[in-house]
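Here the structure is laid out as structure tokens; the discussion comes afterwards.
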Amino acid sequence: MSAIPGNTPAAKAIHLRIRRQDRPDSTHYWQDFKLGYEPDHNVVSALLALRADPVTVAGARVEPVAWEHNCMEEVCGACAMLINGVPKPACSALVDQLAQPIVLEPLPKFPVVRDLIVDRSRIDDGFRRVKAWIDIDGPWDIHEGAPRISQRQWSESYLYSRCMSCGCCMAACPQFGPHADFMGPAPLAQVRLMNAHPTGRYDKADRLHAIVAEGGLSDCGNAQNCVRVCPKAIPLTSAIGELGRQATLQALRDLLG
Amino acid sequence: MTERGGAIVIGGGLGGLWATLTIANASFPVQLFSLFEVRRSHSVCAQGGINAVLDTKGQHDSVQQHIIDTIKGGEYLANQPPIKSMCESAPGLIRTFDRMGVTFSRTAEGLLDQRLFGGVKNKRTCFAGASTGQQLLYGVDQQVRRLESLGQVTKREWWEFLELLKDDAGCCRGILAMNLRSLEVRAFAAEVVVLATGGFGQIYAPNTTTSTNCTGAAASRCYQQGARFANAELFQFHPTAMIGRDKTRLMSEAARGEGGRIWVPRTPDDQRAARRIPEAERFYFLEEMFPSYGNTVARDEASRAIWRVTRQMGLGLRGTDRVYLDLTHLDRALVSTRLGAILDIYRKFAGVDPLDEPMEIFPAAHYPMGGLWVDFERDPDGGMVSESPRNHATSIPGLYACGECDYAYHGANRLGANSLLSASFSGRVAGTSAVCYLRGLGSGHARLRQHDIDRAIARQASQNERLMRSDGPESPFEIHRALGELMTAKVGVVRANPELEVALEELRELDARLGRIRLGDTKDWANQPLSFARQLRDMIRLGTVVTQSALARDECRGAHYKPEFKLSIPEGKFPGDPEFEDYRARWQANNARWLKTTIAEHRPEGPKIDFEPVDTSLYPPVNPRDYR
């Protein structure tokens, strides 16, 4: 691994600069912390160590930093935050691979709850708008499964089904935010997933109508930030491109009745 | 008080979502409580798969064999009727998940693929890449969203369950919960409550594969309010976990199922890189110790073998608590497809590629087989009655439990890929039972009294205020670390009574220390230390139940291992040999004494331990488990 500035062995400390905010309506402020260097620290483990003894470099004992964490295996999506300016899950952000001071900020675009916790309910709103589910008769056994799915189609769909709704793609998207109605890349990718399923496609037209409405597909500015920051390497821009083609065909179908 | 009938489900993992779905589909309103957004529940961490007999691999697999494997894997400690029903329902559950759109991996013919998993000989495990739990959870989550959009489910995310509300007859009639942002404590009424709050691996932190929210606090709170807790001493240690500073990350059993081999250098403290050690100088100890199962031997055997090789034989890598889990001899493309998530996790968190270098692993606290005691109603065929208000009922009327927080299916040890199955199945059963209970409720039942509710809210609120003002010398986070160290060292893979006695004493000290903390956060908004300190008290109490139960069981069974009471299979002797028959007789005598469910009941002075018989009516224990 290439040398990263600020990570000289002599430093033997991890320097965290954290943007803090007590309440949704209060102003933010910055605090700096140093803790003992360990080679296997990631940002969550560093924050866990810090919360036991939260003393700033100025020597003030402060309240522990609030942040979300759960699985710490980059599969629950809880701990996403802005790390050195990049939205990413904190659990897989290895301290050894980050320039110091490590600057931690809440995931942008979403309202701050406290410190590094944000309210990501807009992701849920998006899922609801696009009907990100498959309509089944009921959760009982009907003695058959879904129709067969080829390995090729499976491997394409599986890419999208790994979205953990961490919100990184939305945070990086210039079109998404409090200023706009754009639903963002994650819900759109779910449309791509559901429309490909052999029975999910029965509601394809509904979903396409939902994403050609205001705040949908046409608000994508093709900045391609989303695909660059997605921790699961989900081909979000391919999904959006494909949905554009599906939507065009749907418009033709609507026109021709 | 939020006046509302219907059901409350606490916990939005696989079990809770299935219960929610089942109750809402029967047209009863459901309020779903979760500490966080339900999609982030710990179910997402299950990587490897879910068992169901589909018999599509030319191996003549049968539901019967699945039942037997589950019973034997649990060393007969689970009641057999629920197991029978679970295994019989598994194929139907898989078909339902498939219809929900779960991205199960496929064969070339487009059918559900199945793989081999630990503790069994047939390919019986459905999987979705290497993120099966995540995919299953999302499948049910999407269905619950659909019902939410129709107004049949109300989600209450960011609310923490604090206590049960019981009427004069002792029936559960609602809950008190705390909003994790505003810290408001509020009462929510319901006619039935389903608890689906997962396991409690955090009492072993950081030596656990579980998520940070798996504290067991909710189950502990129900226990402290009178719910019986069963088989608490049975805690599975996953043999193959990657040691980390914050947690120990699971390397799925699928790694062994797909052909991964576990080994150490034959020479202690061998400093050579793994690839420079010739085949002849490698000790593939699972293959030598368990010739017929090899690397896919059950988890408890694997964990103890690793413990023996590192702690007793001194063969741990570079003298540490680590052994190799090697995938480097396997086809790279196949491994990448089948075990992608494991590879990603190891690369991400260790900075090493397991396709090039063997992984370094050690056992970690993974899954409690024990949990809240739940009932079942046996049908004449030996399974569970398909619709009964008794199934999954706790000892508190009106309170049901399902998923990892109950004790029902895994006996003394759980088979790999049976946890996603039991979580899903039990969630559905608990939901069905809650519906039966709701339908059977008369109109003349007792009601909660408002002044009792007000008093309970005031008590909880004053506890919050006391904690926020606390200014003692102790840190709750340090106490949690001490708890994890204590449980790992003294109530872990190997246990001894004198150490368990000491552990009980130390747990009492931790409880006392918790009374002298400084919370360090006085804010009345999104106060995380407040919630954590409250949970810690309940974790320590649960740790005491585990330890007291472990002390009471003087035998080796499944994951509970006390060498002092070990019955060993005579080496080189097989059924028919007098030595083996003598061993069988001792094994049967041991069963007569110890093949019983441990029941803990809360008392002010500590857990009161009793035993109750196990229903072994389908496959009585005649043959000891023999993995040679």
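The chains in the structure tokens are called A, B, ... from first to last as shown; in each chain the residues are counted from 1, and the ligands are counted from 1 in the order shown.
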
Find the residues of chain A in contact range of chain B, meaning any atom within 7 Å when counting only C-alpha atoms, and list them as a PDB file with N, CA and C atoms, in the first residue's frame.
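In the end it all went to part-v3.pdb:
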ATOM      1  N   ASP A  40      -5.149  -2.175  13.200  1.00  0.00           N
ATOM      2  CA  ASP A  40      -6.385  -2.781  12.694  1.00  0.00           C
ATOM      3  C   ASP A  40      -7.629  -1.956  13.025  1.00  0.00           C
ATOM      4  N   HIS A  41      -7.443  -0.670  13.316  1.00  0.00           N
ATOM      5  CA  HIS A  41      -8.617   0.161  13.576  1.00  0.00           C
ATOM      6  C   HIS A  41      -9.347   0.520  12.283  1.00  0.00           C
ATOM      7  N   SER A  45     -14.484   1.202  14.895  1.00  0.00           N
ATOM      8  CA  SER A  45     -13.774   0.740  16.095  1.00  0.00           C
ATOM      9  C   SER A  45     -13.078   1.913  16.783  1.00  0.00           C
ATOM     10  N   ALA A  52     -15.572   5.658  24.988  1.00  0.00           N
ATOM     11  CA  ALA A  52     -15.285   5.291  26.376  1.00  0.00           C
ATOM     12  C   ALA A  52     -14.523   6.400  27.093  1.00  0.00           C
ATOM     13  N   GLU A  63     -19.334  15.122  25.512  1.00  0.00           N
ATOM     14  CA  GLU A  63     -20.273  14.010  25.374  1.00  0.00           C
ATOM     15  C   GLU A  63     -19.830  13.097  24.240  1.00  0.00           C
ATOM     16  N   ALA A  66     -22.301  10.792  18.747  1.00  0.00           N
ATOM     17  CA  ALA A  66     -23.423   9.917  18.388  1.00  0.00           C
ATOM     18  C   ALA A  66     -23.293   9.515  16.923  1.00  0.00           C
ATOM     19  N   ASN A  70     -24.161  -1.028  13.458  1.00  0.00           N
ATOM     20  CA  ASN A  70     -24.803  -2.267  13.863  1.00  0.00           C
ATOM     21  C   ASN A  70     -23.973  -3.479  13.442  1.00  0.00           C
ATOM     22  N   CYS A  71     -23.989  -3.822  12.154  1.00  0.00           N
ATOM     23  CA  CYS A  71     -23.376  -5.106  11.778  1.00  0.00           C
ATOM     24  C   CYS A  71     -21.854  -5.047  11.753  1.00  0.00           C
ATOM     25  N   MET A  72     -21.309  -3.907  11.387  1.00  0.00           N
ATOM     26  CA  MET A  72     -19.865  -3.718  11.235  1.00  0.00           C
ATOM     27  C   MET A  72     -19.240  -4.687  10.243  1.00  0.00           C
ATOM     28  N   GLU A  73     -20.066  -5.123   9.290  1.00  0.00           N
ATOM     29  CA  GLU A  73     -19.570  -5.978   8.213  1.00  0.00           C
ATOM     30  C   GLU A  73     -19.980  -5.413   6.859  1.00  0.00           C
ATOM     31  N   VAL A  75     -22.898  -4.548   5.677  1.00  0.00           N
ATOM     32  CA  VAL A  75     -24.065  -5.174   5.051  1.00  0.00           C
ATOM     33  C   VAL A  75     -25.380  -4.597   5.587  1.00  0.00           C
ATOM     34  N   CYS A  76     -25.331  -3.867   6.717  1.00  0.00           N
ATOM     35  CA  CYS A  76     -26.570  -3.287   7.243  1.00  0.00           C
ATOM     36  C   CYS A  76     -26.762  -1.849   6.779  1.00  0.00           C
ATOM     37  N   GLY A  77     -25.679  -1.181   6.418  1.00  0.00           N
ATOM     38  CA  GLY A  77     -25.779   0.174   5.883  1.00  0.00           C
ATOM     39  C   GLY A  77     -25.884   1.265   6.927  1.00  0.00           C
ATOM     40  N   ALA A  78     -25.906   0.908   8.214  1.00  0.00           N
ATOM     41  CA  ALA A  78     -26.177   1.897   9.265  1.00  0.00           C
ATOM     42  C   ALA A  78     -25.104   2.983   9.366  1.00  0.00           C
ATOM     43  N   SER A  92     -15.954  -0.250   7.296  1.00  0.00           N
ATOM     44  CA  SER A  92     -14.951  -0.801   6.385  1.00  0.00           C
ATOM     45  C   SER A  92     -13.929   0.249   5.965  1.00  0.00           C
ATOM     46  N   ARG A 114     -28.426  13.992  15.197  1.00  0.00           N
ATOM     47  CA  ARG A 114     -27.428  14.433  16.181  1.00  0.00           C
ATOM     48  C   ARG A 114     -26.060  13.963  15.691  1.00  0.00           C
ATOM     49  N   ALA A 132     -41.401  -0.695  -4.520  1.00  0.00           N
ATOM     50  CA  ALA A 132     -40.233  -1.582  -4.554  1.00  0.00           C
ATOM     51  C   ALA A 132     -40.549  -2.900  -3.851  1.00  0.00           C
ATOM     52  N   TRP A 133     -41.500  -3.599  -4.405  1.00  0.00           N
ATOM     53  CA  TRP A 133     -41.846  -4.921  -3.893  1.00  0.00           C
ATOM     54  C   TRP A 133     -42.521  -5.697  -5.001  1.00  0.00           C
ATOM     55  N   ILE A 134     -42.680  -6.991  -4.760  1.00  0.00           N
ATOM     56  CA  ILE A 134     -43.371  -7.837  -5.729  1.00  0.00           C
ATOM     57  C   ILE A 134     -44.714  -8.210  -5.130  1.00  0.00           C
ATOM     58  N   ILE A 136     -47.489 -10.306  -4.185  1.00  0.00           N
ATOM     59  CA  ILE A 136     -47.822 -11.735  -4.101  1.00  0.00           C
ATOM     60  C   ILE A 136     -49.198 -11.890  -3.471  1.00  0.00           C
ATOM     61  N   PRO A 139     -48.395 -14.542   1.968  1.00  0.00           N
ATOM     62  CA  PRO A 139     -47.135 -15.164   2.358  1.00  0.00           C
ATOM     63  C   PRO A 139     -47.284 -16.644   2.712  1.00  0.00           C
ATOM     64  N   TRP A 140     -48.254 -17.285   2.124  1.00  0.00           N
ATOM     65  CA  TRP A 140     -48.432 -18.715   2.360  1.00  0.00           C
ATOM     66  C   TRP A 140     -47.897 -19.485   1.169  1.00  0.00           C
ATOM     67  N   ASP A 141     -47.716 -20.786   1.373  1.00  0.00           N
ATOM     68  CA  ASP A 141     -47.191 -21.632   0.299  1.00  0.00           C
ATOM     69  C   ASP A 141     -48.285 -21.876  -0.736  1.00  0.00           C
ATOM     70  N   HIS A 143     -47.484 -23.879  -3.234  1.00  0.00           N
ATOM     71  CA  HIS A 143     -46.975 -25.138  -3.774  1.00  0.00           C
ATOM     72  C   HIS A 143     -46.232 -24.975  -5.088  1.00  0.00           C
ATOM     73  N   GLU A 144     -45.895 -23.763  -5.424  1.00  0.00           N
ATOM     74  CA  GLU A 144     -44.897 -23.556  -6.466  1.00  0.00           C
ATOM     75  C   GLU A 144     -44.133 -22.277  -6.169  1.00  0.00           C
ATOM     76  N   GLY A 145     -42.933 -22.196  -6.733  1.00  0.00           N
ATOM     77  CA  GLY A 145     -42.118 -21.011  -6.516  1.00  0.00           C
ATOM     78  C   GLY A 145     -42.344 -20.016  -7.631  1.00  0.00           C
ATOM     79  N   ALA A 146     -41.384 -19.098  -7.787  1.00  0.00           N
ATOM     80  CA  ALA A 146     -41.438 -18.166  -8.908  1.00  0.00           C
ATOM     81  C   ALA A 146     -41.015 -18.920 -10.164  1.00  0.00           C
ATOM     82  N   ARG A 148     -38.741 -19.975 -13.401  1.00  0.00           N
ATOM     83  CA  ARG A 148     -37.281 -20.138 -13.445  1.00  0.00           C
ATOM     84  C   ARG A 148     -36.572 -18.852 -13.851  1.00  0.00           C
ATOM     85  N   ILE A 149     -35.361 -18.710 -13.358  1.00  0.00           N
ATOM     86  CA  ILE A 149     -34.553 -17.531 -13.672  1.00  0.00           C
ATOM     87  C   ILE A 149     -33.176 -18.028 -14.106  1.00  0.00           C
ATOM     88  N   SER A 150     -32.705 -17.577 -15.249  1.00  0.00           N
ATOM     89  CA  SER A 150     -31.412 -18.060 -15.746  1.00  0.00           C
ATOM     90  C   SER A 150     -30.282 -17.544 -14.858  1.00  0.00           C
ATOM     91  N   GLN A 151     -29.170 -18.239 -14.913  1.00  0.00           N
ATOM     92  CA  GLN A 151     -28.020 -17.805 -14.122  1.00  0.00           C
ATOM     93  C   GLN A 151     -27.572 -16.410 -14.550  1.00  0.00           C
ATOM     94  N   TRP A 154     -29.940 -13.991 -13.069  1.00  0.00           N
ATOM     95  CA  TRP A 154     -29.701 -13.951 -11.631  1.00  0.00           C
ATOM     96  C   TRP A 154     -28.499 -13.057 -11.318  1.00  0.00           C
ATOM     97  N   TYR A 158     -28.737  -9.894  -8.961  1.00  0.00           N
ATOM     98  CA  TYR A 158     -28.090  -9.982  -7.648  1.00  0.00           C
ATOM     99  C   TYR A 158     -27.278  -8.718  -7.341  1.00  0.00           C
ATOM    100  N   SER A 161     -29.771  -6.414  -5.856  1.00  0.00           N
ATOM    101  CA  SER A 161     -30.425  -6.837  -4.621  1.00  0.00           C
ATOM    102  C   SER A 161     -29.505  -6.662  -3.408  1.00  0.00           C
ATOM    103  N   HIS A 197     -37.780  -9.183 -12.533  1.00  0.00           N
ATOM    104  CA  HIS A 197     -38.256 -10.435 -11.954  1.00  0.00           C
ATOM    105  C   HIS A 197     -39.441 -10.958 -12.775  1.00  0.00           C
TER     106      HIS A 197
END

Excluding range 222-232 of chain A and residues on its chain fewer than 6 positions from it, collect all residues at most 10 Å away from it, counting only C-alpha atoms, and give them as a PDB file with C-alpha atoms, in the first residue's frame.
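Once everything was written out, this is result_3.pdb:
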ATOM      1  CA  GLU A  74     -20.753  -3.474   5.616  1.00  0.00           C
ATOM      2  CA  VAL A  75     -24.065  -5.174   5.051  1.00  0.00           C
ATOM      3  CA  GLY A  77     -25.779   0.174   5.883  1.00  0.00           C
ATOM      4  CA  ALA A  80     -22.493   5.452   6.408  1.00  0.00           C
ATOM      5  CA  VAL A  86     -16.346  10.822   0.704  1.00  0.00           C
ATOM      6  CA  PRO A  87     -19.604   9.109   1.674  1.00  0.00           C
ATOM      7  CA  LYS A  88     -18.871   5.545   2.795  1.00  0.00           C
ATOM      8  CA  PRO A  89     -19.599   2.984   5.498  1.00  0.00           C
ATOM      9  CA  SER A  92     -14.951  -0.801   6.385  1.00  0.00           C
ATOM     10  CA  LEU A 159     -25.964  -6.874  -8.173  1.00  0.00           C
ATOM     11  CA  TYR A 160     -28.990  -4.706  -7.397  1.00  0.00           C
ATOM     12  CA  ARG A 162     -27.329  -6.137  -2.505  1.00  0.00           C
ATOM     13  CA  CYS A 163     -28.272  -2.468  -2.074  1.00  0.00           C
ATOM     14  CA  MET A 164     -28.275  -1.884   1.703  1.00  0.00           C
ATOM     15  CA  CYS A 166     -26.933   3.189   3.179  1.00  0.00           C
ATOM     16  CA  GLY A 167     -27.619   6.409   1.281  1.00  0.00           C
ATOM     17  CA  CYS A 168     -24.082   6.997  -0.024  1.00  0.00           C
ATOM     18  CA  CYS A 169     -25.323   7.306  -3.611  1.00  0.00           C
ATOM     19  CA  MET A 170     -27.910   9.867  -2.585  1.00  0.00           C
ATOM     20  CA  ALA A 171     -25.374  11.819  -0.537  1.00  0.00           C
ATOM     21  CA  ALA A 172     -23.050  12.038  -3.535  1.00  0.00           C
ATOM     22  CA  CYS A 173     -25.758  12.937  -6.066  1.00  0.00           C
ATOM     23  CA  PRO A 174     -25.833  16.657  -6.981  1.00  0.00           C
ATOM     24  CA  GLN A 175     -29.499  16.363  -7.958  1.00  0.00           C
ATOM     25  CA  GLY A 184     -32.200   9.468  -6.000  1.00  0.00           C
ATOM     26  CA  PRO A 185     -30.378   6.445  -7.422  1.00  0.00           C
ATOM     27  CA  ALA A 186     -31.176   3.762  -4.805  1.00  0.00           C
ATOM     28  CA  SER A 238     -26.474   1.291 -15.972  1.00  0.00           C
ATOM     29  CA  ILE A 240     -30.773   4.390 -14.795  1.00  0.00           C
ATOM     30  CA  GLY A 241     -29.805   4.074 -18.476  1.00  0.00           C
TER      31      GLY A 241
ATOM     32  CA  ASP B 344     -15.027  -9.130   0.350  1.00  0.00           C
TER      33      ASP B 344
END

Write out as a list in words which residues come within 8 Å of range 407-413 of chain B when counting only C-alpha atoms, dropping same-chain ones fewer than 3 positions away.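 Once the nearby chain positions are removed, what remains is Thr70, Ile71, Gly73, Gly74, Glu75, Tyr76, Leu77, Ala78, Asn79, Pro82, Ile83, Ala230, Asn231, Leu234, Phe235, Gln236, Asp300, Met369, Gly370, Gly371, Leu372, Trp373, Val374, Glu404, Ser422, Arg557, Gly558, Ala559 and His560 of chain B.
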
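Here CA of Glu360 in chain B stands at a distance of 27.2 Å from CA of Asn51 in chain B.
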
What's around Val63 in chain B at 9 Å? Count only C-alpha atoms, leave out sequence neighbours fewer than 5 positions away in its own chain, and write the answer as a PyMOL selection string. chain B and resi 52-54+68+84+87-88+90

Which residues are close to Lys490 in chain B, i.e. within 12 Å by only C-alpha atoms, leaving aside same-chain residues fewer than 6 positions away? Reply as a PyMOL selection string. chain B and resi 204+482-484+496-507+543+546-547+550-551+561-562

For Thr310 in chain B, list every protein, DNA or RNA residue within 10 Å, evaluated using only C-alpha atoms, and leave out those in the same chain fewer than 3 positions away; present the list as a PyMOL selection string. chain B and resi 264+268+304-307+313-317+319-323+362

Between CA of Pro358 in chain B and CA of Gln312 in chain B - distance in Å to one decimal: 22.6 Å

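When DSSP reads the backbone of this structure, the residues of range 63-199 of chain A it assigns to strand (DSSP E) are Ala80, Met81, Leu82, Ile83, Val86, Pro87, Lys88, Pro89, Ile102, Val103, Leu104, Glu105, Val112, Val113, Arg114, Ile117 and Val118 of chain A.
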
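Considering only C-alpha atoms, the residue among B:Gly427, B:Pro81, B:Gly12, B:Gly416 positioned nearest to Val297 in chain B is B:Gly416.
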
Atom pair CA of Phe117 in chain B / CA of Gln64 in chain B: separation (Å):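 Taking CA of Phe117 in chain B and CA of Gln64 in chain B, their separation equals 17.2 Å.
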
Within 9 Å of range 206-210 of chain A, counting only C-alpha atoms, which residues qualify if same-chain residues fewer than 3 places away don't, as a compact mmCIF listing (two decimals) with C-alpha atoms, in the first residue's frame?
# COMPACT_ATOMS: atom_id res chain seq x y z
CA ARG A 129 -43.15 5.76 -4.54
CA VAL A 130 -41.77 3.15 -6.91
CA LYS A 131 -43.51 0.18 -5.27
CA ALA A 132 -40.23 -1.58 -4.55
CA VAL A 191 -37.14 -0.51 -10.07
CA MET A 194 -38.21 -5.55 -9.60
CA ASN A 195 -38.94 -5.03 -13.29
CA TYR A 202 -46.37 -7.52 -14.09
CA ASP A 203 -46.19 -4.14 -12.33
CA ALA A 213 -43.29 11.54 -12.81
CA GLU A 214 -41.75 14.57 -11.11
CA GLY A 216 -38.00 10.66 -11.12
CA LEU A 243 -34.78 2.41 -17.09
CA GLN A 246 -37.78 0.98 -20.58
CA ALA A 247 -39.56 4.29 -19.95
CA GLN A 250 -43.51 2.38 -22.07
CA ALA A 251 -44.34 5.87 -23.38

Give the answer as one residue: which of B:Val493, B:Leu399, B:Ile50, B:Ala190 has the shortest atom-to-atom distance to Cys126 in chain B, using only C-alpha atoms?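 Closest to Cys126 in chain B of all the choices is B:Ile50.
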